[in-house]
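Peer 1: Next comes coords-v7.txt, compact mmCIF, C-alpha atoms and all ligand atoms:
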# COMPACT_ATOMS: atom_id res chain seq x y z
CA MET X 29 -52.11 -53.34 16.93
CA ARG X 30 -50.45 -55.19 14.06
CA PRO X 31 -52.34 -58.12 12.56
CA SER X 32 -51.10 -61.46 13.90
CA TYR X 33 -51.63 -64.93 12.52
CA LEU X 34 -51.41 -68.36 14.03
CA ILE X 35 -50.02 -70.70 11.38
CA LYS X 36 -52.53 -73.54 11.17
CA PRO X 37 -52.18 -76.77 9.16
CA ALA X 38 -54.27 -75.48 6.22
CA LEU X 39 -53.97 -71.74 5.93
CA ASP X 40 -57.27 -71.33 4.08
CA GLU X 41 -59.34 -73.28 6.62
CA SER X 42 -60.91 -72.28 9.88
CA TYR X 43 -60.72 -74.60 12.88
CA PRO X 44 -63.19 -74.75 15.76
CA GLU X 45 -61.78 -73.39 19.03
CA ILE X 46 -61.84 -75.97 21.78
CA ASP X 47 -62.88 -74.67 25.16
CA TYR X 48 -62.34 -77.75 27.31
CA GLY X 49 -62.07 -81.52 27.30
CA LYS X 50 -63.59 -84.09 29.61
CA GLY X 51 -63.01 -87.82 29.33
CA THR X 52 -63.61 -88.96 25.76
CA TYR X 53 -65.13 -85.65 24.68
CA LEU X 54 -63.97 -82.21 23.60
CA PHE X 55 -66.25 -79.16 23.71
CA ASP X 56 -65.78 -76.11 21.50
CA LYS X 57 -66.54 -72.58 22.54
CA ASP X 58 -69.96 -72.74 20.87
CA GLY X 59 -70.79 -75.68 23.12
CA LYS X 60 -70.51 -78.31 20.39
CA LYS X 61 -69.45 -81.73 21.67
CA TYR X 62 -66.96 -83.96 19.81
CA LEU X 63 -66.33 -87.64 20.50
CA ASP X 64 -62.53 -87.87 20.36
CA ALA X 65 -62.43 -91.13 18.40
CA ALA X 66 -58.79 -90.54 17.43
CA SER X 67 -57.38 -89.33 20.79
CA GLY X 68 -56.35 -86.26 18.79
CA ALA X 69 -53.41 -87.75 16.96
CA VAL X 70 -53.54 -91.11 18.81
CA THR X 71 -52.20 -89.25 21.84
CA ALA X 72 -54.88 -88.53 24.46
CA ASN X 73 -54.73 -92.18 25.54
CA ILE X 74 -56.43 -91.70 28.91
CA GLY X 75 -58.87 -89.03 27.83
CA HIS X 76 -59.07 -85.36 28.68
CA GLY X 77 -59.07 -83.54 32.01
CA VAL X 78 -57.95 -86.45 34.21
CA PRO X 79 -57.59 -84.90 37.71
CA GLU X 80 -54.70 -87.17 38.80
CA ILE X 81 -52.48 -85.93 35.97
CA ILE X 82 -53.40 -82.29 36.46
CA LEU X 83 -52.67 -82.58 40.18
CA ALA X 84 -49.28 -84.26 39.60
CA MET X 85 -48.29 -81.51 37.16
CA HIS X 86 -49.47 -78.82 39.55
CA GLU X 87 -47.50 -80.33 42.43
CA GLN X 88 -44.38 -80.54 40.24
CA SER X 89 -44.75 -76.96 39.01
CA LYS X 90 -44.91 -75.75 42.61
CA ARG X 91 -41.48 -77.36 43.17
CA VAL X 92 -39.66 -76.72 39.89
CA SER X 93 -40.72 -76.91 36.24
CA PHE X 94 -37.35 -76.75 34.50
CA VAL X 95 -33.81 -77.79 35.24
CA TYR X 96 -31.20 -78.15 32.55
CA ARG X 97 -30.22 -81.73 31.90
CA SER X 98 -26.50 -80.89 31.63
CA GLN X 99 -26.53 -79.40 35.13
CA PHE X 100 -29.07 -81.36 37.18
CA THR X 101 -31.31 -84.36 37.38
CA SER X 102 -34.72 -84.42 39.06
CA GLU X 103 -36.80 -86.82 41.09
CA ALA X 104 -39.47 -86.86 38.36
CA ALA X 105 -36.98 -87.81 35.62
CA GLU X 106 -35.27 -90.46 37.77
CA LYS X 107 -38.57 -92.04 38.83
CA LEU X 108 -39.88 -92.01 35.28
CA ALA X 109 -36.79 -93.80 33.98
CA GLU X 110 -37.13 -96.35 36.78
CA LYS X 111 -40.83 -96.96 36.15
CA LEU X 112 -40.29 -97.22 32.41
CA SER X 113 -37.71 -99.96 32.71
CA ASP X 114 -40.03 -101.80 35.14
CA SER X 115 -42.79 -101.57 32.53
CA LEU X 116 -40.83 -102.51 29.41
CA PRO X 117 -39.75 -106.00 28.36
CA GLY X 118 -36.19 -107.34 28.16
CA ASP X 119 -33.21 -105.18 29.06
CA LEU X 120 -34.65 -101.88 27.81
CA ASN X 121 -33.30 -100.01 30.82
CA TRP X 122 -31.78 -96.76 29.55
CA SER X 123 -34.16 -93.85 28.94
CA PHE X 124 -33.27 -90.74 26.99
CA PHE X 125 -36.10 -88.19 27.31
CA VAL X 126 -36.98 -85.87 24.45
CA ASN X 127 -40.03 -83.84 23.49
CA SER X 128 -41.59 -85.41 20.41
CA GLY X 129 -41.80 -88.67 18.54
CA SER X 130 -39.60 -87.27 15.77
CA GLU X 131 -36.87 -86.49 18.27
CA ALA X 132 -37.24 -89.98 19.74
CA THR X 133 -36.76 -91.80 16.41
CA GLU X 134 -33.98 -89.44 15.35
CA THR X 135 -32.20 -90.03 18.67
CA ALA X 136 -32.60 -93.79 18.05
CA LEU X 137 -30.97 -93.33 14.65
CA LYS X 138 -28.03 -91.49 16.22
CA ILE X 139 -27.59 -94.00 19.03
CA ALA X 140 -27.61 -96.90 16.55
CA ILE X 141 -24.84 -95.27 14.50
CA GLN X 142 -22.90 -94.34 17.65
CA TYR X 143 -23.20 -97.93 18.94
CA TRP X 144 -21.31 -99.24 15.91
CA GLN X 145 -18.76 -96.43 16.02
CA GLU X 146 -18.02 -97.17 19.68
CA LYS X 147 -17.48 -100.80 18.66
CA GLY X 148 -15.00 -99.59 16.06
CA VAL X 149 -17.25 -100.20 13.04
CA LYS X 150 -17.38 -96.83 11.35
CA SER X 151 -18.98 -97.96 8.08
CA LYS X 152 -22.39 -98.86 9.54
CA THR X 153 -24.29 -95.59 9.02
CA LYS X 154 -27.45 -96.50 7.07
CA ILE X 155 -30.83 -97.13 8.66
CA LEU X 156 -33.16 -99.27 6.57
CA SER X 157 -36.92 -98.83 6.74
CA ARG X 158 -40.06 -99.52 4.72
CA TRP X 159 -42.02 -97.71 2.11
CA VAL X 160 -45.35 -96.84 3.72
CA SER X 161 -44.04 -95.72 7.09
CA TYR X 162 -43.83 -92.57 9.16
CA HIS X 163 -41.11 -91.93 11.70
CA GLY X 164 -41.34 -88.15 12.08
CA ILE X 165 -40.98 -84.77 10.48
CA THR X 166 -37.41 -83.67 11.35
CA LEU X 167 -34.93 -84.40 8.57
CA GLY X 168 -33.35 -87.53 10.07
CA ALA X 169 -36.75 -88.96 10.98
CA LEU X 170 -38.17 -87.99 7.60
CA SER X 171 -35.20 -89.68 5.90
CA MET X 172 -36.35 -92.92 7.49
CA SER X 173 -40.01 -92.32 6.57
CA GLY X 174 -41.59 -94.01 3.58
CA HIS X 175 -44.12 -91.25 3.17
CA PRO X 176 -43.75 -89.64 -0.28
CA GLY X 177 -46.28 -86.91 0.47
CA ARG X 178 -44.35 -85.62 3.48
CA ARG X 179 -40.91 -86.11 1.86
CA ALA X 180 -41.69 -84.38 -1.44
CA ARG X 181 -40.51 -80.82 -0.70
CA PHE X 182 -37.28 -81.89 0.97
CA VAL X 183 -36.05 -84.76 -1.18
CA PRO X 184 -32.59 -83.19 -1.85
CA LEU X 185 -31.98 -83.03 1.91
CA LEU X 186 -33.03 -86.59 2.68
CA GLU X 187 -31.29 -89.95 2.76
CA GLU X 188 -33.21 -92.66 0.89
CA PHE X 189 -33.57 -95.02 3.84
CA PRO X 190 -36.95 -96.62 3.02
CA THR X 191 -36.08 -99.80 1.15
CA ILE X 192 -38.50 -102.69 1.57
CA SER X 193 -42.24 -103.29 1.19
CA PRO X 194 -44.56 -103.04 4.18
CA PRO X 195 -46.54 -106.04 5.52
CA TYR X 196 -49.63 -104.64 3.85
CA CYS X 197 -51.76 -107.77 3.49
CA TYR X 198 -54.73 -105.96 1.97
CA ARG X 199 -52.51 -104.94 -0.94
CA CYS X 200 -49.90 -107.69 -0.82
CA PRO X 201 -47.26 -106.96 -3.47
CA TYR X 202 -46.89 -110.74 -3.95
CA GLN X 203 -50.65 -111.41 -4.23
CA LYS X 204 -50.36 -113.89 -1.36
CA SER X 205 -52.43 -114.33 1.77
CA ALA X 206 -51.09 -114.82 5.27
CA PRO X 207 -50.25 -117.14 6.95
CA ASP X 208 -49.07 -119.04 3.86
CA CYS X 209 -47.25 -116.10 2.33
CA GLY X 210 -43.77 -117.11 3.48
CA TYR X 211 -43.30 -113.53 4.76
CA LEU X 212 -41.87 -112.51 1.41
CA CYS X 213 -42.14 -108.84 2.36
CA ALA X 214 -40.01 -109.44 5.48
CA LYS X 215 -37.52 -111.45 3.44
CA GLU X 216 -37.01 -108.45 1.18
CA LEU X 217 -34.85 -107.23 4.07
CA GLU X 218 -32.40 -110.06 3.43
CA GLY X 219 -32.13 -109.05 -0.23
CA ALA X 220 -31.62 -105.41 0.67
CA ILE X 221 -28.88 -106.30 3.15
CA LYS X 222 -27.09 -108.37 0.49
CA ARG X 223 -27.37 -105.54 -2.02
CA ILE X 224 -26.23 -102.73 0.30
CA GLY X 225 -23.90 -104.79 2.48
CA ALA X 226 -24.42 -105.45 6.20
CA ASP X 227 -21.18 -103.49 6.78
CA HIS X 228 -23.03 -100.31 5.89
CA ILE X 229 -26.27 -100.86 7.81
CA ALA X 230 -26.58 -99.78 11.44
CA ALA X 231 -30.24 -100.60 12.02
CA PHE X 232 -33.67 -101.38 10.66
CA ILE X 233 -36.61 -99.34 11.95
CA ALA X 234 -40.31 -100.22 11.81
CA GLU X 235 -43.61 -99.16 13.35
CA PRO X 236 -45.27 -102.31 14.72
CA VAL X 237 -48.60 -101.19 13.29
CA ILE X 238 -48.21 -98.68 10.47
CA GLY X 239 -50.09 -95.57 11.52
CA ALA X 240 -50.11 -92.20 9.79
CA ALA X 241 -48.76 -93.49 6.48
CA GLY X 242 -51.08 -96.45 6.12
CA GLY X 243 -54.04 -96.39 8.50
CA ALA X 244 -53.35 -99.07 11.13
CA ILE X 245 -51.69 -101.66 8.89
CA SER X 246 -51.03 -104.62 11.17
CA PRO X 247 -48.58 -107.38 10.12
CA PRO X 248 -49.41 -111.08 9.89
CA GLU X 249 -48.35 -113.26 12.84
CA GLY X 250 -44.73 -114.32 12.39
CA TYR X 251 -43.69 -111.21 10.47
CA TYR X 252 -41.69 -109.50 13.21
CA GLU X 253 -40.08 -112.73 14.38
CA THR X 254 -38.75 -113.08 10.81
CA ILE X 255 -37.57 -109.46 10.72
CA LYS X 256 -35.80 -109.71 14.08
CA LYS X 257 -34.03 -112.91 13.07
CA ILE X 258 -32.79 -111.33 9.82
CA CYS X 259 -31.51 -108.34 11.81
CA ASP X 260 -29.76 -110.55 14.38
CA ASP X 261 -28.24 -112.83 11.74
CA ASN X 262 -26.76 -109.82 9.97
CA ASN X 263 -25.56 -107.75 12.96
CA ILE X 264 -28.15 -105.06 12.42
CA LEU X 265 -29.95 -103.37 15.32
CA PHE X 266 -33.74 -103.48 15.38
CA ILE X 267 -35.43 -100.19 16.32
CA ALA X 268 -39.15 -100.37 17.13
CA ASP X 269 -40.87 -97.08 16.54
CA GLU X 270 -43.60 -97.42 19.18
CA VAL X 271 -44.38 -93.70 19.21
CA MET X 272 -47.98 -94.47 18.23
CA THR X 273 -48.30 -98.03 19.52
CA GLY X 274 -46.50 -97.75 22.87
CA PHE X 275 -48.07 -97.17 26.27
CA GLY X 276 -50.74 -99.79 25.73
CA ARG X 277 -52.36 -98.50 22.57
CA THR X 278 -52.65 -102.06 21.24
CA GLY X 279 -52.96 -103.76 24.66
CA PRO X 280 -49.49 -104.52 26.05
CA MET X 281 -47.06 -101.69 26.90
CA LEU X 282 -45.25 -102.30 23.61
CA ALA X 283 -47.02 -103.68 20.55
CA MET X 284 -43.90 -105.82 19.95
CA GLU X 285 -44.94 -107.86 22.98
CA HIS X 286 -47.73 -109.38 20.85
CA TRP X 287 -45.00 -111.17 18.96
CA ASN X 288 -42.49 -111.67 21.79
CA VAL X 289 -39.96 -109.54 19.96
CA ILE X 290 -37.70 -107.36 22.08
CA PRO X 291 -36.26 -104.44 20.14
CA ASP X 292 -32.70 -103.25 20.73
CA ILE X 293 -33.92 -99.66 20.87
CA VAL X 294 -37.48 -98.38 21.18
CA ALA X 295 -38.94 -94.93 20.47
CA LEU X 296 -41.91 -93.78 22.56
CA GLY X 297 -44.02 -90.63 22.39
CA LYS X 298 -47.66 -89.66 21.97
CA GLY X 299 -49.40 -91.70 24.74
CA MET X 300 -46.42 -91.21 27.03
CA GLY X 301 -47.51 -87.73 28.05
CA ALA X 302 -51.03 -88.54 26.77
CA GLY X 303 -51.32 -84.96 25.54
CA TYR X 304 -50.79 -83.42 29.00
CA ALA X 305 -47.17 -82.47 28.29
CA PRO X 306 -44.78 -82.84 25.37
CA ILE X 307 -42.58 -85.80 26.18
CA ALA X 308 -41.11 -88.74 24.30
CA ALA X 309 -38.28 -91.17 24.91
CA THR X 310 -35.67 -93.30 23.26
CA VAL X 311 -35.19 -96.36 25.41
CA VAL X 312 -32.02 -98.34 24.86
CA SER X 313 -31.19 -101.87 25.94
CA ASP X 314 -28.23 -102.71 28.19
CA HIS X 315 -26.34 -104.48 25.41
CA VAL X 316 -26.54 -101.43 23.13
CA MET X 317 -25.39 -99.13 25.93
CA GLU X 318 -22.47 -101.37 26.83
CA PRO X 319 -19.92 -100.17 24.24
CA ILE X 320 -20.99 -96.56 24.81
CA LEU X 321 -20.44 -96.95 28.56
CA LYS X 322 -17.05 -98.49 27.90
CA GLY X 323 -16.25 -95.88 25.25
CA SER X 324 -17.12 -92.19 25.07
CA LYS X 325 -19.76 -92.36 27.85
CA VAL X 326 -21.73 -89.59 26.17
CA ILE X 327 -24.75 -89.89 23.89
CA MET X 328 -24.26 -87.26 21.27
CA SER X 329 -27.79 -85.82 21.25
CA GLY X 330 -30.15 -83.85 23.47
CA HIS X 331 -32.47 -80.89 23.54
CA THR X 332 -32.87 -77.95 25.90
CA LEU X 333 -36.12 -79.32 27.28
CA SER X 334 -35.01 -82.96 27.44
CA ALA X 335 -36.03 -84.56 30.75
CA ASN X 336 -37.67 -81.41 32.07
CA PRO X 337 -39.33 -82.25 35.40
CA GLN X 338 -42.73 -80.87 34.39
CA SER X 339 -43.15 -83.25 31.45
CA CYS X 340 -41.58 -86.14 33.35
CA ALA X 341 -44.09 -85.65 36.20
CA ALA X 342 -46.94 -85.79 33.68
CA ALA X 343 -45.64 -89.00 32.07
CA LEU X 344 -45.02 -90.58 35.45
CA ALA X 345 -48.61 -89.79 36.49
CA VAL X 346 -49.89 -91.28 33.20
CA LEU X 347 -48.01 -94.52 33.85
CA GLN X 348 -49.33 -94.63 37.41
CA TYR X 349 -52.87 -93.97 36.17
CA LEU X 350 -52.64 -96.83 33.64
CA GLU X 351 -51.43 -99.12 36.42
CA ASP X 352 -53.87 -98.05 39.17
CA ASN X 353 -56.88 -98.35 36.89
CA GLN X 354 -55.60 -101.45 35.06
CA ILE X 355 -56.48 -99.71 31.82
CA LEU X 356 -54.50 -102.06 29.57
CA ASN X 357 -56.44 -105.12 30.73
CA ASP X 358 -59.56 -104.01 28.86
CA VAL X 359 -57.98 -102.90 25.60
CA GLU X 360 -58.40 -106.28 23.89
CA SER X 361 -62.10 -106.69 24.73
CA LYS X 362 -62.83 -103.10 23.69
CA SER X 363 -60.91 -103.74 20.48
CA VAL X 364 -62.95 -106.84 19.63
CA TYR X 365 -66.17 -104.96 20.29
CA LEU X 366 -65.19 -101.91 18.21
CA LYS X 367 -63.81 -104.02 15.37
CA ASN X 368 -67.05 -106.03 15.18
CA ARG X 369 -69.03 -102.83 14.99
CA LEU X 370 -66.74 -101.45 12.28
CA ASP X 371 -67.14 -104.70 10.32
CA GLN X 372 -70.88 -104.13 10.44
CA VAL X 373 -70.36 -100.60 9.12
CA LYS X 374 -68.15 -102.02 6.35
CA ASN X 375 -70.97 -104.34 5.27
CA LYS X 376 -73.23 -101.35 4.83
CA PHE X 377 -70.92 -99.18 2.74
CA SER X 378 -69.23 -100.55 -0.35
CA PHE X 379 -66.54 -97.87 -0.27
CA ILE X 380 -65.02 -99.32 2.90
CA GLY X 381 -62.52 -101.85 1.57
CA ASP X 382 -60.73 -102.93 4.73
CA VAL X 383 -61.14 -102.83 8.49
CA ARG X 384 -57.87 -103.60 10.27
CA GLY X 385 -55.52 -102.85 13.12
CA LYS X 386 -54.63 -104.04 16.56
CA GLY X 387 -55.97 -103.14 20.00
CA LEU X 388 -57.49 -99.69 19.96
CA LEU X 389 -55.53 -98.68 16.88
CA LEU X 390 -57.96 -99.52 14.10
CA GLY X 391 -58.19 -98.30 10.54
CA LEU X 392 -60.62 -98.13 7.66
CA GLU X 393 -59.38 -98.02 4.08
CA PHE X 394 -61.66 -96.54 1.45
CA VAL X 395 -61.78 -97.81 -2.12
CA LYS X 396 -63.75 -96.90 -5.21
CA LEU X 397 -64.44 -100.52 -6.13
CA PRO X 398 -64.06 -103.10 -3.33
CA ALA X 399 -63.60 -106.08 -5.67
CA SER X 400 -60.61 -104.59 -7.47
CA LYS X 401 -59.45 -102.46 -4.48
CA ILE X 402 -59.07 -99.52 -6.84
CA PRO X 403 -58.51 -96.37 -4.78
CA PHE X 404 -60.42 -93.15 -5.31
CA ASP X 405 -58.80 -90.59 -7.53
CA GLN X 406 -56.53 -88.40 -5.36
CA SER X 407 -58.39 -85.31 -6.60
CA VAL X 408 -61.50 -86.51 -4.72
CA LYS X 409 -59.57 -86.04 -1.44
CA LEU X 410 -61.79 -88.63 0.15
CA THR X 411 -59.89 -88.95 3.45
CA GLU X 412 -60.08 -85.20 3.94
CA LEU X 413 -63.79 -85.28 3.19
CA VAL X 414 -64.49 -88.13 5.62
CA VAL X 415 -62.51 -86.48 8.42
CA LYS X 416 -64.20 -83.13 7.81
CA THR X 417 -67.66 -84.68 7.66
CA GLY X 418 -66.92 -86.62 10.84
CA ARG X 419 -65.88 -83.44 12.63
CA GLU X 420 -69.03 -81.65 11.44
CA HIS X 421 -71.03 -84.50 12.94
CA GLY X 422 -69.05 -84.43 16.18
CA ILE X 423 -66.72 -87.43 15.65
CA LEU X 424 -62.97 -86.92 15.40
CA LEU X 425 -61.00 -89.26 13.11
CA TYR X 426 -57.30 -89.29 12.17
CA PRO X 427 -56.43 -89.07 8.47
CA ALA X 428 -53.90 -91.58 7.15
CA GLY X 429 -52.37 -92.74 3.89
CA ALA X 430 -49.05 -92.09 2.23
CA GLY X 431 -50.43 -90.99 -1.11
CA LEU X 432 -48.53 -93.70 -2.96
CA ASP X 433 -50.34 -94.03 -6.25
CA GLY X 434 -51.98 -97.42 -6.42
CA LEU X 435 -50.34 -98.65 -3.21
CA SER X 436 -51.69 -96.89 -0.16
CA GLY X 437 -55.08 -95.36 -0.65
CA ASP X 438 -57.39 -93.30 1.52
CA ALA X 439 -57.67 -94.34 5.14
CA VAL X 440 -58.66 -93.10 8.56
CA ILE X 441 -57.55 -94.24 11.98
CA ILE X 442 -60.02 -94.84 14.78
CA ALA X 443 -58.14 -94.81 18.07
CA PRO X 444 -60.23 -93.51 20.96
CA PRO X 445 -58.82 -93.02 24.45
CA LEU X 446 -58.15 -96.44 26.00
CA THR X 447 -60.56 -95.35 28.73
CA ILE X 448 -63.53 -95.16 26.34
CA THR X 449 -66.58 -97.13 27.44
CA LYS X 450 -68.46 -99.51 25.14
CA ARG X 451 -71.48 -97.23 25.34
CA GLU X 452 -69.43 -94.27 24.16
N1 LIG B 501 -43.32 -92.19 14.75
C1 LIG B 501 -44.59 -92.58 14.58
C2 LIG B 501 -44.90 -94.04 14.44
C3 LIG B 501 -45.61 -91.63 14.52
O1 LIG B 501 -46.86 -92.03 14.32
C4 LIG B 501 -45.28 -90.25 14.65
C5 LIG B 501 -46.31 -89.23 14.54
O2 LIG B 501 -47.39 -89.44 14.04
C6 LIG B 501 -43.94 -89.91 14.85
C7 LIG B 501 -42.98 -90.90 14.88
C8 LIG B 501 -43.54 -88.48 15.01
O3 LIG B 501 -44.00 -88.02 16.27
P1 LIG B 501 -44.17 -86.46 16.53
O4 LIG B 501 -45.29 -85.99 15.68
O5 LIG B 501 -44.49 -86.40 18.02
O6 LIG B 501 -42.88 -85.81 16.22
What do you get writing this file as structure tokens?

Peer 2:
Amino acid sequence: MRPSYLIKPALDESYPEIDYGKGTYLFDKDGKKYLDAASGAVTANIGHGVPEIILAMHEQSKRVSFVYRSQFTSEAAEKLAEKLSDSLPGDLNWSFFVNSGSEATETALKIAIQYWQEKGVKSKTKILSRWVSYHGITLGALSMSGHPGRRARFVPLLEEFPTISPPYCYRCPYQKSAPDCGYLCAKELEGAIKRIGADHIAAFIAEPVIGAAGGAISPPEGYYETIKKICDDNNILFIADEVMTGFGRTGPMLAMEHWNVIPDIVALGKGMGAGYAPIAATVVSDHVMEPILKGSKVIMSGHTLSANPQSCAAALAVLQYLEDNQILNDVESKSVYLKNRLDQVKNKFSFIGDVRGKGLLLGLEFVKLPASKIPFDQSVKLTELVVKTGREHGILLYPAGAGLDGLSGDAVIIAPPLTITKRE
């Protein structure tokens, strides 16, 4: 037999083999138990081994697992689209199913550009975004991502879409404090639009709470209202990348609901299939679909496995499970409890500079000196060390931070399944 190798994230590391998962815990084949305090990658939102989801997938697989989207539709896909529009705010009624968050944001990018083309405005092809952001690993999604570490190898292939500062209050570029900051970071968007020209900008994309690149950086109240107004005033679509925050991760279905902002297009992923099946979605509002319906009537995107019934059945069961068990109702109280406990931990350890986030998407940022917020030297690889030590002690954390020298330091995300109990 020839040697075979599974390509793992770090090729010189060994990873424990997980045998099974139950609720908030994972168990490896040596019987070691891990508290999944990060829901994997903020994905296993309802915990592991939930019988209702397994049953729904089994039932679907007995009927049919795959039909090709260009030839057929399926009951699972139709019902999922219907249930999604019932669950989402505003006129977000058109669901395009894909398989990963990267595909969802990249599809959003394409739809935004197509929207303007169908309206006869061919020059609007740029998508603005923020430094300190992550929208995915495929080249279009990476072009929109303000994540220097993940961009580095591919810079010649990427558009430079990240333009403005993030609402990173802990390291405010203007040395201001909310709520009296005047949202100067949001107003940078106005300046960028003037510089580039609204005629060239199709959309602005943002993660409501900055996840992988920053470690649960949550904006001050009023920030997104300001952003949305600037977009509307300049004829620029607003895309909310709710891949990490959607499906109740911060309490409501969309994090944007905290601020009563309805995006023109939204990208969903992660918690949508909750880890049971790869599925993500780009959900488009009626008014964005309108010129496409009047025009070409075809969205120029799609993947072989888009809208496959197996994944749609899983996502449908996840939505039903959230509803039947009223899971989202308890997110806020669990968040307050966990955040208080993390604040207590912060008081004990001087290297924890900031505790932040929204709902059950919380983050800790580590600093060498809390008073000056000076980050640890990158060579210390502190985030890696914390995550590794956590795993050795049976607690799973999600590493974050964009590796921007002096801007975004070391951070971890704590985002347990929404079903976690206070005792756990
Ligand atoms: N958008 C956000 C906000 C994310 O957090 C991620 C992944 O971490 C993505 C997009 C990309 O999703 P995926 O890894 O499923 O392609």

Peer 1: Calculate how many Å separate atom CA of X:Ala66 from atom CA of X:Val346, rounding to one decimal.

Peer 2: 18.1 Å

Peer 1: Find the residue from X:Trp144, X:Phe404, X:Trp122, X:Trp159 that sits nearest to X:Glu110; use only C-alpha atoms when measuring.

Peer 2: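 Result for the nearest residue to X:Glu110: X:Trp122.
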
Peer 1: Between atom CA of X:Ala109 and atom CA of X:Lys257, measure the distance and give it in Å to one decimal.

Peer 2: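 It comes out at 28.5 Å.
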
Peer 1: Considering all atoms listed in the file, give me a table of residues in stretch 121-149 of chain X that are at most 12 Å from stretch 173-187 of chain X, with the closest atom pair and distance in Å for each, as a tab-separated table.

Peer 2:
residue	atom	partner	partner_atom	distance
X:Ser130	CA	X:Ser173	CA	10.5
X:Thr133	CA	X:Ser173	CA	10.4
X:Glu134	CA	X:Ser173	CA	11.0

Peer 1: Using only C-alpha atoms, which protein or nucleic acid residues come within 10 Å of X:His286? Drop anything in the same chain fewer than 4 positions from it, and give the result as a short mmCIF file (atom, residue, chain, number, x, y, z; two decimals) with C-alpha atoms, keeping the file's coordinate frame.

Peer 2:
data_model
loop_
_atom_site.label_atom_id
_atom_site.label_comp_id
_atom_site.auth_asym_id
_atom_site.auth_seq_id
_atom_site.Cartn_x
_atom_site.Cartn_y
_atom_site.Cartn_z
CA PRO X 236 -45.27 -102.31 14.72
CA GLU X 249 -48.35 -113.26 12.84
CA TYR X 252 -41.69 -109.50 13.21
CA THR X 278 -52.65 -102.06 21.24
CA GLY X 279 -52.96 -103.76 24.66
CA PRO X 280 -49.49 -104.52 26.05
CA MET X 281 -47.06 -101.69 26.90
CA LEU X 282 -45.25 -102.30 23.61
CA LYS X 386 -54.63 -104.04 16.56
#

Peer 1: If the limit is 6 Å from any atom of ligand LIG 501 (chain B), counting all atoms listed in the file, which residues qualify? Return them as a PyMOL selection string.

Peer 2: chain X and resi 128-130+162-164+235+239-240+269-272

Peer 1: At a cut-off of 8 Å from (-37.4, -87.6, 32.1) in the coordinates of the file, what residues are picked up using all atoms listed in the file, written as a ChimeraX atom specification?

Peer 2: /X:104-106,108-109,123-126,334-337,339-340

Peer 1: I'd like the neighbourhood of stretch 300-314 of chain X as a ChimeraX atom specification, where a residue qualifies if any of its atoms comes within 9 Å (using all atoms listed in the file), though same-chain residues fewer than 4 positions away should be ignored.

Peer 2: /X:67-68,70-77,81-82,85,112-113,118-136,139,271,274-275,291-296,318,334-336,338-340,342-347

Peer 1: Pull C-alpha atoms from the residues just selected and write them as a short mmCIF file (atom, residue, chain, number, x, y, z; two decimals), in the coordinates of the input.

Peer 2:
data_model
loop_
_atom_site.label_atom_id
_atom_site.label_comp_id
_atom_site.auth_asym_id
_atom_site.auth_seq_id
_atom_site.Cartn_x
_atom_site.Cartn_y
_atom_site.Cartn_z
CA SER X 67 -57.38 -89.33 20.79
CA GLY X 68 -56.35 -86.26 18.79
CA VAL X 70 -53.54 -91.11 18.81
CA THR X 71 -52.20 -89.25 21.84
CA ALA X 72 -54.88 -88.53 24.46
CA ASN X 73 -54.73 -92.18 25.54
CA ILE X 74 -56.43 -91.70 28.91
CA GLY X 75 -58.87 -89.03 27.83
CA HIS X 76 -59.07 -85.36 28.68
CA GLY X 77 -59.07 -83.54 32.01
CA ILE X 81 -52.48 -85.93 35.97
CA ILE X 82 -53.40 -82.29 36.46
CA MET X 85 -48.29 -81.51 37.16
CA LEU X 112 -40.29 -97.22 32.41
CA SER X 113 -37.71 -99.96 32.71
CA GLY X 118 -36.19 -107.34 28.16
CA ASP X 119 -33.21 -105.18 29.06
CA LEU X 120 -34.65 -101.88 27.81
CA ASN X 121 -33.30 -100.01 30.82
CA TRP X 122 -31.78 -96.76 29.55
CA SER X 123 -34.16 -93.85 28.94
CA PHE X 124 -33.27 -90.74 26.99
CA PHE X 125 -36.10 -88.19 27.31
CA VAL X 126 -36.98 -85.87 24.45
CA ASN X 127 -40.03 -83.84 23.49
CA SER X 128 -41.59 -85.41 20.41
CA GLY X 129 -41.80 -88.67 18.54
CA SER X 130 -39.60 -87.27 15.77
CA GLU X 131 -36.87 -86.49 18.27
CA ALA X 132 -37.24 -89.98 19.74
CA THR X 133 -36.76 -91.80 16.41
CA GLU X 134 -33.98 -89.44 15.35
CA THR X 135 -32.20 -90.03 18.67
CA ALA X 136 -32.60 -93.79 18.05
CA ILE X 139 -27.59 -94.00 19.03
CA VAL X 271 -44.38 -93.70 19.21
CA GLY X 274 -46.50 -97.75 22.87
CA PHE X 275 -48.07 -97.17 26.27
CA PRO X 291 -36.26 -104.44 20.14
CA ASP X 292 -32.70 -103.25 20.73
CA ILE X 293 -33.92 -99.66 20.87
CA VAL X 294 -37.48 -98.38 21.18
CA ALA X 295 -38.94 -94.93 20.47
CA LEU X 296 -41.91 -93.78 22.56
CA GLU X 318 -22.47 -101.37 26.83
CA SER X 334 -35.01 -82.96 27.44
CA ALA X 335 -36.03 -84.56 30.75
CA ASN X 336 -37.67 -81.41 32.07
CA GLN X 338 -42.73 -80.87 34.39
CA SER X 339 -43.15 -83.25 31.45
CA CYS X 340 -41.58 -86.14 33.35
CA ALA X 342 -46.94 -85.79 33.68
CA ALA X 343 -45.64 -89.00 32.07
CA LEU X 344 -45.02 -90.58 35.45
CA ALA X 345 -48.61 -89.79 36.49
CA VAL X 346 -49.89 -91.28 33.20
CA LEU X 347 -48.01 -94.52 33.85
#
